[in-house]
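Peer 1: Got a structure for you, written out below as structure tokens; questions coming shortly.
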Amino acid sequence: MSATTNASSEVPSASAVWLKRLLGCGIGAVLIVLLFAALDWTGTDYAYLAAYTVVQFILLATAWNILGGYAGYVNFGTAAFFAIGCYTTVFCYKAFQLPLLATLPISAVLAGLVGLGTGYLTLRLRGVFFSICTLAMAVVLQTLVTNWNYVGGSRGAYILRPESVPLFGSYSRFLFAIMLAMAIGSVLLARHIERTWLGRGLAAIRDEELAAESSGVPALRLKLIATSLSGALMGLAGTPFPYFITYVDPTTAFSLNIAVNTIAMPLIGGTATWLGPVVGALLLGIIQQWVTVTISSSLNLMIVGVLLVLFVAVAPNGMVGFVQGLRRRKA
Amino acid sequence: MTTAPLLKMTGVTKRFGGFTALDTVDLELYPNERLGLIGPNGSGKSTLVNCLTGVYRLDGGSVVFNGSDISSFDIHSRTRIGIARSFQIPRPFKGLTVVQNIEVPLAFAVGMTHQREIADAAHAILKEVGLNAKADAMPRVLSQVELRKLELGRALAARPKLLVADESMAGLSDSEVDEILEVLFRLNGEGISIILIEHIMRAVNRFSQRVAVLVAGAKIADGPPKEVMAHPEVERAYLGQ
Amino acid sequence: MDITWDLFVNALLSGLLLGGFYAATAVGITIAFGMLDIANIAHPAFMMLGAFLAYYFNTWLGVDPLIVTLVVMPFAFLLGRCVYKLYYQAFERRSDESLQGLAFFFGVLFIVEVGLLLVFGVDYRFVTAPYIGPSIGMGPISVPMRMVVPLLVGVGLVISVQVFLSRTFMGRAILAVAQDREALRLVGVDPIWIKEIAFGIALATAVAAGALLIIIQPVEPSVGRDFIGRVFAICVLGGMTSLGGTVLASAIVGVAESFTSTFAGPSWAPAVSFGLLIITLAIRPSGIFGR
């Protein structure tokens, strides 16, 4: 495990910090403009849809890692939170014709509350039971949704994309922009958590929960915060999805594919910091897009599974951890 | 003693299924006192500590600390009001450096918020336990005695009124045992009451003002070291030791 | 009134039959998780492996699935030993069990399911045998043979395991390692080897149970997922380490599912065992606290 940012080093001056932030934002803005230009240059809608999928996984992987990597609690029920986002959209679309932007905060709150509830019921138990319960919750939720006819039940529901969107031209561009914004937001949030005492407390819980409690860390409270944040972010990831694929049914929304990818990406990329999930999502996301287009989509599921098992057994610190290990050995 | 006890455990009972680990145990500790807690393996010492620190819920009896009944408090709350412990087998936070390990209780148990202050306090504690040279090292490179010092340092960082040193000397050499004893004496000198759980008798005799003996879940002796060691039942319990 | 009573009795009977069979599926988890503390969530994947092996040999070679059940067990035992050896080397030894170990089994679950999908496709597969089809009539109630046979074999399996655990040296060593790993070392027995054997047995029962499952109902690769909740719910409800508890809990889960299916509709059934699990853990987690 790499050491988290050494917060006991010299504290830089306030103006230096702001200059660094401004520079960071500047570089970020330039990169984003370049990204859009590159995608536009391909001239296809597919480029945006592929990019949307990859960025969606960055969001999911980062969200999962807040609880999984930082606190050490494995959530197998990612699909459930994702589906909460999907079905909040379906419900709000059918009942109130609410636009996507208005639905986002609603799903975040709902998914966050479900995370809080699940956590409250199971986080006082060992990590293993929490994990099994997340799996259980996913199945229970899927059963509930399958039997809920208003949102289509097992037959599914259709969502119509709006005719036009101000500022962004095509709707795919708009969806991508929203997902990109959320993904960037989640990475910034994860980075912020790492650097605050919440992150330090979660790291202590992950390493030795009993010793952490004995050191005054309110473990349950911190875990509940992590679970709620993680859940809310995963719900956000699912919210634009119905507009993305225009037809949602429980099998798609609760797909095991999402659950496996969300776990594989941080584990392969590295769970200690915010960078790991991003690396894992980019790598795996791009590989999968390529394999789906060139070979077949079932094969790409197999690849994810095999990579997950390999990395977990051989390189448990992920790629980021592996590189850090190399650097340490050289020094 | 005319002063009120710092800690008063009364009638403490703990069962696991059909097995009674502790049977109506009474234990008192006075401010600034050095208490040795001894007993054969399996006698309930660790269980008693776990009941004191909140790891286990009592099946009977109560724990009163500094005048308040803390029997229903959870672990981190008990640490915050002044009860700290070190673990038998050291449990450092593997992913944090030595100084970061010390910072955790400072931030969470004591509630310090200013990063500069926390760092300074942590380095001061490392100096007290003799680990300041290893401040930025990772726990995995520490030796056994250094890990034990880290355990004590982490407990000390919670600014406790009562510190439970749970077998902090197991497996150490004679000189290493003396190193740890020196740290404990110094901490007691600063006003911290200490419960020393140990099998190393010379350390217990040297350190304790009072010794309590647990055998099979019951306290069979409680008094000055010389008296307790000469007690016939205590001798019997340690036959073959 | 008569119709409801008939329905009730039928549901109860189906539930008990199913429950008896569920015990065979869960006994492997009671051993692996309850006794050895290995959260093998890939257990249902191995059940599916057994089911599809039975399908394959039944369809292409006309072999009776019960024969497949028997023949496949020794191989599954060896496979189990290999899987445990791998798990031990990669995780238990490094005491990295929680995050990585769980992810490992999840990955294995996924690989097996996708593998079966690639080979056999998404269609439901079934087997044929002389006892599938006919039913035994007992007064107003008729019980299909395809449920009775796996029940009998399944119960036989559970009883054999119980006898093995309580009467043989190896079995008692397994019970001992569940309680205190170090004590075994003092008697000169390598606890790692014992756990290997135990895990092998657990996997063997999983594969066997899968072969029995396809006798009861047609299966497709993702059916395994329903069993994750079932087997863990049964293990937890049954008190984790006791086989007797497992049998009782299986009956409860079986009957609960059967009633839900009959009176609320089959689309609600998958949620029952998972729901029971969540409720049990939330309310009565005796002996499940980490400390």
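Residues are named by chain letter and number: chains run A, B, ... in the order of the structure tokens, numbers start at 1 in each chain, and ligands are numbered from 1 in the order shown.
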Would you list which chain B residues are within 10 Å of chain C using only C-alpha atoms, as a PyMOL selection string?
Peer 2: chain B and resi 16-17+50+55-56
Peer 1: Identify, with DSSP run on backbone atoms, the residues in range 96-225 of chain A assigned to strand (DSSP E or B), and express the list as a ChimeraX atom specification.
Peer 2: /A:157-158,165,169
Peer 1: Using only C-alpha atoms, I'd like every residue of chain A that has an atom within 9 Å of chain C; please write them out as an mmCIF file with N, CA and C atoms, in the first residue's frame.
Peer 2:
```cif
data_model
loop_
_atom_site.group_PDB
_atom_site.id
_atom_site.type_symbol
_atom_site.label_atom_id
_atom_site.label_comp_id
_atom_site.auth_asym_id
_atom_site.auth_seq_id
_atom_site.Cartn_x
_atom_site.Cartn_y
_atom_site.Cartn_z
ATOM 1 N N GLY A 68 -14.660 1.043 -1.515
ATOM 2 C CA GLY A 68 -13.894 -0.182 -1.679
ATOM 3 C C GLY A 68 -12.405 -0.001 -1.442
ATOM 4 N N GLY A 69 -11.820 0.982 -2.089
ATOM 5 C CA GLY A 69 -10.385 1.169 -1.971
ATOM 6 C C GLY A 69 -10.001 1.913 -0.711
ATOM 7 N N GLY A 72 -12.014 -0.222 2.306
ATOM 8 C CA GLY A 72 -11.830 -1.668 2.292
ATOM 9 C C GLY A 72 -13.109 -2.477 2.311
ATOM 10 N N TYR A 73 -14.249 -1.873 2.019
ATOM 11 C CA TYR A 73 -15.516 -2.606 2.004
ATOM 12 C C TYR A 73 -15.964 -2.805 0.552
ATOM 13 N N VAL A 74 -16.104 -4.073 0.161
ATOM 14 C CA VAL A 74 -16.417 -4.386 -1.231
ATOM 15 C C VAL A 74 -17.912 -4.327 -1.486
ATOM 16 N N PHE A 76 -20.724 -5.253 -3.987
ATOM 17 C CA PHE A 76 -21.041 -6.017 -5.190
ATOM 18 C C PHE A 76 -22.318 -5.532 -5.843
ATOM 19 N N TYR A 120 -26.379 1.262 7.149
ATOM 20 C CA TYR A 120 -26.838 1.215 8.531
ATOM 21 C C TYR A 120 -27.198 -0.202 8.952
ATOM 22 N N LEU A 121 -27.794 -0.953 8.018
ATOM 23 C CA LEU A 121 -28.192 -2.320 8.356
ATOM 24 C C LEU A 121 -27.005 -3.266 8.455
ATOM 25 N N THR A 122 -25.976 -3.034 7.677
ATOM 26 C CA THR A 122 -24.949 -4.063 7.560
ATOM 27 C C THR A 122 -23.527 -3.665 7.918
ATOM 28 N N ARG A 124 -22.183 -2.700 10.607
ATOM 29 C CA ARG A 124 -21.667 -3.056 11.923
ATOM 30 C C ARG A 124 -21.161 -4.484 11.934
ATOM 31 N N LEU A 125 -21.408 -5.195 10.842
ATOM 32 C CA LEU A 125 -20.957 -6.570 10.734
ATOM 33 C C LEU A 125 -19.619 -6.620 10.019
ATOM 34 N N ARG A 126 -19.075 -7.798 9.915
ATOM 35 C CA ARG A 126 -17.819 -7.923 9.191
ATOM 36 C C ARG A 126 -17.999 -7.552 7.733
ATOM 37 N N GLY A 127 -16.874 -7.162 7.108
ATOM 38 C CA GLY A 127 -16.903 -6.738 5.725
ATOM 39 C C GLY A 127 -17.544 -7.752 4.797
ATOM 40 N N VAL A 128 -17.299 -9.028 5.062
ATOM 41 C CA VAL A 128 -17.837 -10.080 4.208
ATOM 42 C C VAL A 128 -19.355 -10.017 4.149
ATOM 43 N N PHE A 129 -19.974 -9.808 5.304
ATOM 44 C CA PHE A 129 -21.437 -9.773 5.322
ATOM 45 C C PHE A 129 -21.981 -8.540 4.642
ATOM 46 N N SER A 131 -20.607 -7.201 2.056
ATOM 47 C CA SER A 131 -20.505 -7.481 0.628
ATOM 48 C C SER A 131 -21.620 -8.391 0.142
ATOM 49 N N ILE A 132 -21.870 -9.457 0.902
ATOM 50 C CA ILE A 132 -22.936 -10.370 0.492
ATOM 51 C C ILE A 132 -24.277 -9.649 0.499
ATOM 52 N N CYS A 133 -24.468 -8.782 1.478
ATOM 53 C CA CYS A 133 -25.737 -8.046 1.543
ATOM 54 C C CYS A 133 -25.903 -7.089 0.375
ATOM 55 N N LEU A 135 -24.925 -7.642 -2.570
ATOM 56 C CA LEU A 135 -25.369 -8.507 -3.646
ATOM 57 C C LEU A 135 -26.848 -8.820 -3.469
ATOM 58 N N ALA A 136 -27.192 -9.125 -2.214
ATOM 59 C CA ALA A 136 -28.584 -9.442 -1.913
ATOM 60 C C ALA A 136 -29.483 -8.260 -2.225
ATOM 61 N N MET A 137 -29.055 -7.075 -1.863
ATOM 62 C CA MET A 137 -29.868 -5.889 -2.078
ATOM 63 C C MET A 137 -30.110 -5.666 -3.562
ATOM 64 N N VAL A 139 -30.327 -7.938 -5.875
ATOM 65 C CA VAL A 139 -31.337 -8.876 -6.362
ATOM 66 C C VAL A 139 -32.736 -8.458 -5.898
ATOM 67 N N VAL A 140 -32.828 -8.054 -4.618
ATOM 68 C CA VAL A 140 -34.135 -7.640 -4.094
ATOM 69 C C VAL A 140 -34.668 -6.448 -4.879
ATOM 70 N N LEU A 141 -33.770 -5.477 -5.116
ATOM 71 C CA LEU A 141 -34.189 -4.287 -5.860
ATOM 72 C C LEU A 141 -34.610 -4.657 -7.273
ATOM 73 N N GLN A 142 -33.856 -5.556 -7.895
ATOM 74 C CA GLN A 142 -34.198 -5.959 -9.253
ATOM 75 C C GLN A 142 -35.558 -6.623 -9.280
ATOM 76 N N THR A 143 -35.818 -7.467 -8.272
ATOM 77 C CA THR A 143 -37.129 -8.117 -8.205
ATOM 78 C C THR A 143 -38.234 -7.086 -8.053
ATOM 79 N N LEU A 144 -37.988 -6.088 -7.178
ATOM 80 C CA LEU A 144 -39.008 -5.056 -6.989
ATOM 81 C C LEU A 144 -39.296 -4.318 -8.285
ATOM 82 N N THR A 146 -38.698 -5.288 -11.372
ATOM 83 C CA THR A 146 -39.300 -6.164 -12.377
ATOM 84 C C THR A 146 -40.806 -6.272 -12.171
ATOM 85 N N ASN A 147 -41.238 -6.126 -10.902
ATOM 86 C CA ASN A 147 -42.658 -6.261 -10.636
ATOM 87 C C ASN A 147 -43.392 -4.932 -10.607
ATOM 88 N N LEU A 210 -10.404 -2.242 14.261
ATOM 89 C CA LEU A 210 -10.503 -2.201 15.719
ATOM 90 C C LEU A 210 -9.526 -1.190 16.304
ATOM 91 N N LEU A 256 -24.907 -7.500 -14.696
ATOM 92 C CA LEU A 256 -23.727 -7.947 -13.956
ATOM 93 C C LEU A 256 -22.470 -7.344 -14.557
ATOM 94 N N VAL A 260 -19.223 -6.090 -12.413
ATOM 95 C CA VAL A 260 -17.868 -6.631 -12.558
ATOM 96 C C VAL A 260 -16.889 -5.557 -13.000
ATOM 97 N N ILE A 263 -15.865 -3.149 -10.261
ATOM 98 C CA ILE A 263 -14.907 -3.703 -9.311
ATOM 99 C C ILE A 263 -13.552 -3.907 -9.975
ATOM 100 N N ALA A 264 -13.573 -4.383 -11.222
ATOM 101 C CA ALA A 264 -12.317 -4.702 -11.889
ATOM 102 C C ALA A 264 -11.465 -3.460 -12.129
ATOM 103 N N LEU A 267 -9.515 -2.249 -9.070
ATOM 104 C CA LEU A 267 -8.582 -3.269 -8.625
ATOM 105 C C LEU A 267 -7.431 -3.413 -9.597
ATOM 106 N N SER A 298 -19.443 -10.828 -25.764
ATOM 107 C CA SER A 298 -19.342 -11.792 -24.661
ATOM 108 C C SER A 298 -17.881 -12.068 -24.343
ATOM 109 N N LEU A 299 -17.039 -12.062 -25.394
ATOM 110 C CA LEU A 299 -15.623 -12.303 -25.162
ATOM 111 C C LEU A 299 -15.041 -11.211 -24.287
ATOM 112 N N LEU A 301 -16.446 -9.634 -21.929
ATOM 113 C CA LEU A 301 -16.784 -9.882 -20.525
ATOM 114 C C LEU A 301 -15.793 -10.863 -19.912
ATOM 115 N N MET A 302 -15.462 -11.881 -20.685
ATOM 116 C CA MET A 302 -14.520 -12.889 -20.217
ATOM 117 C C MET A 302 -13.172 -12.245 -19.927
ATOM 118 N N ILE A 303 -12.762 -11.348 -20.814
ATOM 119 C CA ILE A 303 -11.478 -10.671 -20.629
ATOM 120 C C ILE A 303 -11.454 -9.906 -19.313
ATOM 121 N N VAL A 304 -12.521 -9.184 -19.027
ATOM 122 C CA VAL A 304 -12.589 -8.427 -17.770
ATOM 123 C C VAL A 304 -12.454 -9.358 -16.572
ATOM 124 N N GLY A 305 -13.192 -10.477 -16.622
ATOM 125 C CA GLY A 305 -13.144 -11.428 -15.514
ATOM 126 C C GLY A 305 -11.753 -11.981 -15.305
ATOM 127 N N VAL A 306 -11.123 -12.394 -16.398
ATOM 128 C CA VAL A 306 -9.786 -12.979 -16.294
ATOM 129 C C VAL A 306 -8.784 -11.950 -15.780
ATOM 130 N N LEU A 307 -8.827 -10.740 -16.338
ATOM 131 C CA LEU A 307 -7.923 -9.684 -15.883
ATOM 132 C C LEU A 307 -8.114 -9.407 -14.402
ATOM 133 N N LEU A 308 -9.372 -9.377 -13.962
ATOM 134 C CA LEU A 308 -9.658 -9.124 -12.547
ATOM 135 C C LEU A 308 -8.975 -10.171 -11.672
ATOM 136 N N VAL A 309 -9.213 -11.435 -12.003
ATOM 137 C CA VAL A 309 -8.645 -12.508 -11.186
ATOM 138 C C VAL A 309 -7.120 -12.457 -11.203
ATOM 139 N N LEU A 310 -6.545 -12.246 -12.385
ATOM 140 C CA LEU A 310 -5.089 -12.182 -12.516
ATOM 141 C C LEU A 310 -4.496 -11.065 -11.664
ATOM 142 N N VAL A 312 -5.799 -9.365 -9.194
ATOM 143 C CA VAL A 312 -6.053 -9.501 -7.772
ATOM 144 C C VAL A 312 -5.091 -10.502 -7.138
ATOM 145 N N ALA A 313 -4.765 -11.559 -7.904
ATOM 146 C CA ALA A 313 -3.883 -12.584 -7.363
ATOM 147 C C ALA A 313 -2.415 -12.181 -7.454
ATOM 148 N N VAL A 314 -2.046 -11.517 -8.530
ATOM 149 C CA VAL A 314 -0.630 -11.266 -8.809
ATOM 150 C C VAL A 314 -0.186 -9.841 -8.464
ATOM 151 N N PRO A 316 -1.781 -7.110 -6.446
ATOM 152 C CA PRO A 316 -2.905 -6.611 -5.650
ATOM 153 C C PRO A 316 -2.940 -5.098 -5.484
#
```
Peer 1: For Leu202 in chain A, list every protein, DNA or RNA residue within 9 Å, evaluated using only C-alpha atoms, and leave out those in the same chain fewer than 4 positions away; present the list as a list in words.
Peer 2: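 The residues that qualify are Leu67, Tyr70, Ala71, Gly72, Glu194, Trp197, Leu198, Arg206, Asp207, Glu209, Ala212, Val217, Ala219, Leu222, Lys223 and Ala226 of chain A.
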Peer 1: Print the selection's residues with N, CA and C atoms to a file, as a PDB file, in the first residue's frame.
Peer 2:
```
ATOM      1  N   LEU A  67     -15.552   3.669  -1.278  1.00  0.00           N
ATOM      2  CA  LEU A  67     -15.852   2.717  -0.219  1.00  0.00           C
ATOM      3  C   LEU A  67     -14.921   1.507  -0.290  1.00  0.00           C
ATOM      4  N   TYR A  70     -10.730   2.986  -0.402  1.00  0.00           N
ATOM      5  CA  TYR A  70     -10.368   3.801   0.745  1.00  0.00           C
ATOM      6  C   TYR A  70     -10.732   3.131   2.060  1.00  0.00           C
ATOM      7  N   ALA A  71     -11.900   2.515   2.124  1.00  0.00           N
ATOM      8  CA  ALA A  71     -12.343   1.934   3.390  1.00  0.00           C
ATOM      9  C   ALA A  71     -12.188   0.424   3.448  1.00  0.00           C
ATOM     10  N   GLY A  72     -12.014  -0.222   2.306  1.00  0.00           N
ATOM     11  CA  GLY A  72     -11.830  -1.668   2.292  1.00  0.00           C
ATOM     12  C   GLY A  72     -13.109  -2.477   2.311  1.00  0.00           C
ATOM     13  N   GLU A 194      -9.309  12.058  -0.004  1.00  0.00           N
ATOM     14  CA  GLU A 194      -7.990  11.505   0.323  1.00  0.00           C
ATOM     15  C   GLU A 194      -7.186  12.436   1.195  1.00  0.00           C
ATOM     16  N   TRP A 197      -9.234  14.488   6.679  1.00  0.00           N
ATOM     17  CA  TRP A 197      -9.237  13.515   7.749  1.00  0.00           C
ATOM     18  C   TRP A 197     -10.241  12.396   7.507  1.00  0.00           C
ATOM     19  N   LEU A 198     -11.238  12.643   6.667  1.00  0.00           N
ATOM     20  CA  LEU A 198     -12.159  11.570   6.307  1.00  0.00           C
ATOM     21  C   LEU A 198     -11.364  10.447   5.637  1.00  0.00           C
ATOM     22  N   ARG A 206      -9.597   0.779   7.048  1.00  0.00           N
ATOM     23  CA  ARG A 206      -9.265  -0.272   6.094  1.00  0.00           C
ATOM     24  C   ARG A 206      -8.144  -1.146   6.626  1.00  0.00           C
ATOM     25  N   ASP A 207      -7.128  -0.518   7.231  1.00  0.00           N
ATOM     26  CA  ASP A 207      -5.979  -1.294   7.686  1.00  0.00           C
ATOM     27  C   ASP A 207      -6.276  -2.095   8.956  1.00  0.00           C
ATOM     28  N   GLU A 209      -9.479  -1.993  11.590  1.00  0.00           N
ATOM     29  CA  GLU A 209     -10.670  -1.270  12.043  1.00  0.00           C
ATOM     30  C   GLU A 209     -10.749  -1.151  13.557  1.00  0.00           C
ATOM     31  N   ALA A 212      -8.385   1.371  14.815  1.00  0.00           N
ATOM     32  CA  ALA A 212      -8.860   2.700  14.439  1.00  0.00           C
ATOM     33  C   ALA A 212      -9.909   3.186  15.430  1.00  0.00           C
ATOM     34  N   VAL A 217     -11.462   6.827  16.160  1.00  0.00           N
ATOM     35  CA  VAL A 217     -12.131   7.013  14.874  1.00  0.00           C
ATOM     36  C   VAL A 217     -13.559   6.482  14.963  1.00  0.00           C
ATOM     37  N   ALA A 219     -15.847   4.741  13.481  1.00  0.00           N
ATOM     38  CA  ALA A 219     -15.836   3.944  12.259  1.00  0.00           C
ATOM     39  C   ALA A 219     -17.184   3.887  11.557  1.00  0.00           C
ATOM     40  N   LEU A 222     -18.032   7.159   9.707  1.00  0.00           N
ATOM     41  CA  LEU A 222     -17.243   7.386   8.492  1.00  0.00           C
ATOM     42  C   LEU A 222     -17.635   6.431   7.382  1.00  0.00           C
ATOM     43  N   LYS A 223     -17.882   5.166   7.761  1.00  0.00           N
ATOM     44  CA  LYS A 223     -18.283   4.204   6.744  1.00  0.00           C
ATOM     45  C   LYS A 223     -19.624   4.579   6.122  1.00  0.00           C
ATOM     46  N   ALA A 226     -19.028   7.298   3.625  1.00  0.00           N
ATOM     47  CA  ALA A 226     -18.444   6.759   2.399  1.00  0.00           C
ATOM     48  C   ALA A 226     -19.486   6.019   1.582  1.00  0.00           C
TER      49      ALA A 226
END
```
Peer 1: Distance limit 7 Å, atoms considered: only C-alpha atoms. Which chain B residues sit that close to chain A? Return them as a PyMOL selection string.
Peer 2: chain B and resi 75-77+79-80+84+91+93-97+104-105+108-109+115+119+158
Peer 1: Quick one, how far is CA of Leu180 in chain A from CA of Ile58 in chain A?
Peer 2: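 Going from CA of Leu180 in chain A over to CA of Ile58 in chain A covers 9.1 Å.
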Peer 1: Rank B:Val213, B:Ala170, B:Ala237, B:Leu22 by their smallest atom-to-atom distance to Leu58 in chain B, using only C-alpha atoms, and report the top residue only.
Peer 2: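 For Leu58 in chain B, the nearest of the candidates is B:Leu22.
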Peer 1: Please list as a PyMOL selection string every residue within 8 Å of Leu59 in chain A, counting only C-alpha atoms and excluding residues in the same chain fewer than 2 positions away.
Peer 2: chain A and resi 55-57+61-63+182-184+186-187+233-234+237
Peer 1: So that I can check the surroundings of range 108-115 of chain A, please list as an mmCIF file with N, CA and C atoms, in the first residue's frame every protein, DNA and RNA residue that reaches within 7 Å of it, counting only C-alpha atoms and ignoring chain neighbours fewer than 3 positions away.
Peer 2:
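Written out: selection-v1.cif:
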```
data_model
loop_
_atom_site.group_PDB
_atom_site.id
_atom_site.type_symbol
_atom_site.label_atom_id
_atom_site.label_comp_id
_atom_site.auth_asym_id
_atom_site.auth_seq_id
_atom_site.Cartn_x
_atom_site.Cartn_y
_atom_site.Cartn_z
ATOM 1 N N PHE A 81 -27.358 0.531 -7.483
ATOM 2 C CA PHE A 81 -27.328 1.996 -7.407
ATOM 3 C C PHE A 81 -27.435 2.616 -8.786
ATOM 4 N N ILE A 84 -30.938 2.488 -9.742
ATOM 5 C CA ILE A 84 -31.756 3.502 -9.071
ATOM 6 C C ILE A 84 -31.727 4.785 -9.885
ATOM 7 N N LEU A 104 -31.147 14.704 -12.060
ATOM 8 C CA LEU A 104 -29.861 14.339 -11.451
ATOM 9 C C LEU A 104 -29.830 14.491 -9.935
ATOM 10 N N PRO A 105 -30.182 15.650 -9.390
ATOM 11 C CA PRO A 105 -30.109 15.746 -7.923
ATOM 12 C C PRO A 105 -31.053 14.784 -7.228
ATOM 13 N N THR A 118 -28.632 0.790 3.513
ATOM 14 C CA THR A 118 -27.913 -0.488 3.425
ATOM 15 C C THR A 118 -26.774 -0.501 4.421
ATOM 16 N N GLY A 119 -26.022 0.594 4.444
ATOM 17 C CA GLY A 119 -24.892 0.699 5.351
ATOM 18 C C GLY A 119 -25.324 0.558 6.790
ATOM 19 N N THR A 227 -20.319 5.207 2.251
ATOM 20 C CA THR A 227 -21.324 4.429 1.532
ATOM 21 C C THR A 227 -22.344 5.343 0.855
ATOM 22 N N SER A 228 -22.769 6.386 1.561
ATOM 23 C CA SER A 228 -23.758 7.291 0.975
ATOM 24 C C SER A 228 -23.187 8.044 -0.217
ATOM 25 N N LEU A 229 -21.958 8.569 -0.061
ATOM 26 C CA LEU A 229 -21.333 9.292 -1.172
ATOM 27 C C LEU A 229 -21.153 8.372 -2.371
ATOM 28 N N GLY A 231 -22.726 5.603 -3.077
ATOM 29 C CA GLY A 231 -24.018 5.260 -3.663
ATOM 30 C C GLY A 231 -24.596 6.396 -4.492
ATOM 31 N N ALA A 232 -24.512 7.630 -3.956
ATOM 32 C CA ALA A 232 -25.056 8.781 -4.669
ATOM 33 C C ALA A 232 -24.369 8.948 -6.022
ATOM 34 N N LEU A 233 -23.043 8.809 -6.026
ATOM 35 C CA LEU A 233 -22.306 8.977 -7.281
ATOM 36 C C LEU A 233 -22.674 7.896 -8.294
ATOM 37 N N GLY A 235 -25.480 6.368 -8.433
ATOM 38 C CA GLY A 235 -26.816 6.708 -8.910
ATOM 39 C C GLY A 235 -26.748 7.768 -9.995
ATOM 40 N N LEU A 236 -25.869 8.761 -9.802
ATOM 41 C CA LEU A 236 -25.703 9.799 -10.816
ATOM 42 C C LEU A 236 -25.263 9.188 -12.142
#
```
Peer 1: By how many Å are CA of Val291 in chain A and CA of Ala50 in chain A apart?
Peer 2: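 We find that CA of Val291 in chain A and CA of Ala50 in chain A lie 12.3 Å from each other.
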Peer 1: In Å, how far is it from CA of Gly191 in chain B to CA of Met112 in chain B?
Peer 2: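 Straight-line distance from CA of Gly191 in chain B to CA of Met112 in chain B works out to 20.9 Å.
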Peer 1: Using only C-alpha atoms, which protein or nucleic acid residues come within 12 Å of Thr59 in chain C? Drop anything in the same chain fewer than 3 positions from it, and give the result as a list in words.
Peer 2: Phe52, Leu53, Ala54, Tyr55, Tyr56, Gly62, Val63, Asp64, Pro65, Val68, Arg125, Phe126, Val127, Thr128 and Ala129 of chain C
Peer 1: Nearest residue to Val129 in chain B out of B:Glu182, B:Asp69, B:Glu167, B:Asp174, using only C-alpha atoms?
Peer 2: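 Answer, going by the shortest atom-to-atom distance: B:Glu182.
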Peer 1: Looking only at helix (DSSP H, G or I) from DSSP on the backbone, list the matching residues of range 67-155 of chain B as a tab-separated table (two decimals) with C-alpha atoms, in the first residue's frame.
Peer 2:
```tsv
chain	number	residue	atom	x	y	z
B	75	ILE	CA	-15.27	2.00	21.62
B	76	HIS	CA	-14.34	5.35	20.14
B	77	SER	CA	-16.37	7.22	22.74
B	78	ARG	CA	-14.49	5.48	25.52
B	79	THR	CA	-11.22	6.46	23.90
B	80	ARG	CA	-12.40	10.05	23.73
B	98	VAL	CA	4.81	5.97	11.69
B	99	VAL	CA	4.09	9.64	12.35
B	100	GLN	CA	0.80	9.43	10.45
B	101	ASN	CA	-0.17	6.52	12.72
B	102	ILE	CA	0.30	8.80	15.70
B	103	GLU	CA	-1.64	11.61	14.04
B	104	VAL	CA	-4.83	9.53	13.80
B	105	PRO	CA	-5.68	9.54	17.51
B	106	LEU	CA	-4.60	13.17	17.79
B	107	ALA	CA	-7.12	14.13	15.15
B	108	PHE	CA	-9.94	11.80	16.13
B	109	ALA	CA	-9.66	11.14	19.87
B	110	VAL	CA	-8.30	14.47	20.99
B	115	GLN	CA	-2.38	20.37	10.73
B	116	ARG	CA	0.76	22.08	12.04
B	117	GLU	CA	-0.21	21.43	15.66
B	118	ILE	CA	-1.04	17.80	14.94
B	119	ALA	CA	2.30	17.21	13.25
B	120	ASP	CA	4.21	18.85	16.09
B	121	ALA	CA	2.34	16.91	18.75
B	122	ALA	CA	2.92	13.67	16.87
B	123	HIS	CA	6.65	14.25	16.68
B	124	ALA	CA	6.72	15.07	20.39
B	125	ILE	CA	5.06	11.74	21.17
B	126	LEU	CA	7.49	9.86	18.96
B	127	LYS	CA	10.30	11.44	20.93
B	128	GLU	CA	8.71	10.30	24.19
B	129	VAL	CA	8.56	6.68	23.12
B	132	ASN	CA	11.53	9.89	16.34
B	133	ALA	CA	14.24	8.51	14.05
B	134	LYS	CA	11.67	6.38	12.28
B	139	PRO	CA	5.41	0.11	9.95
B	140	ARG	CA	6.55	-2.92	7.97
B	141	VAL	CA	10.25	-1.98	8.44
B	144	GLN	CA	9.29	-5.93	17.26
B	145	VAL	CA	10.22	-3.55	20.07
B	146	GLU	CA	9.73	-0.58	17.76
B	147	LEU	CA	6.26	-1.84	16.85
B	148	ARG	CA	5.45	-2.13	20.54
B	149	LYS	CA	6.61	1.44	21.06
B	150	LEU	CA	4.39	2.53	18.17
B	151	GLU	CA	1.45	0.81	19.86
B	152	LEU	CA	2.17	2.69	23.08
B	153	GLY	CA	2.75	5.93	21.18
B	154	ARG	CA	-0.60	5.59	19.45
B	155	ALA	CA	-2.33	4.94	22.77
```
Peer 1: Write out as JSON, numbers by chain the residues lying within 10 Å of Val223 in chain C, counting only C-alpha atoms and excluding same-chain residues fewer than 2 positions away.
Peer 2: {"C": [44, 45, 47, 48, 113, 124, 218, 219, 220, 221, 225, 226, 227, 228]}
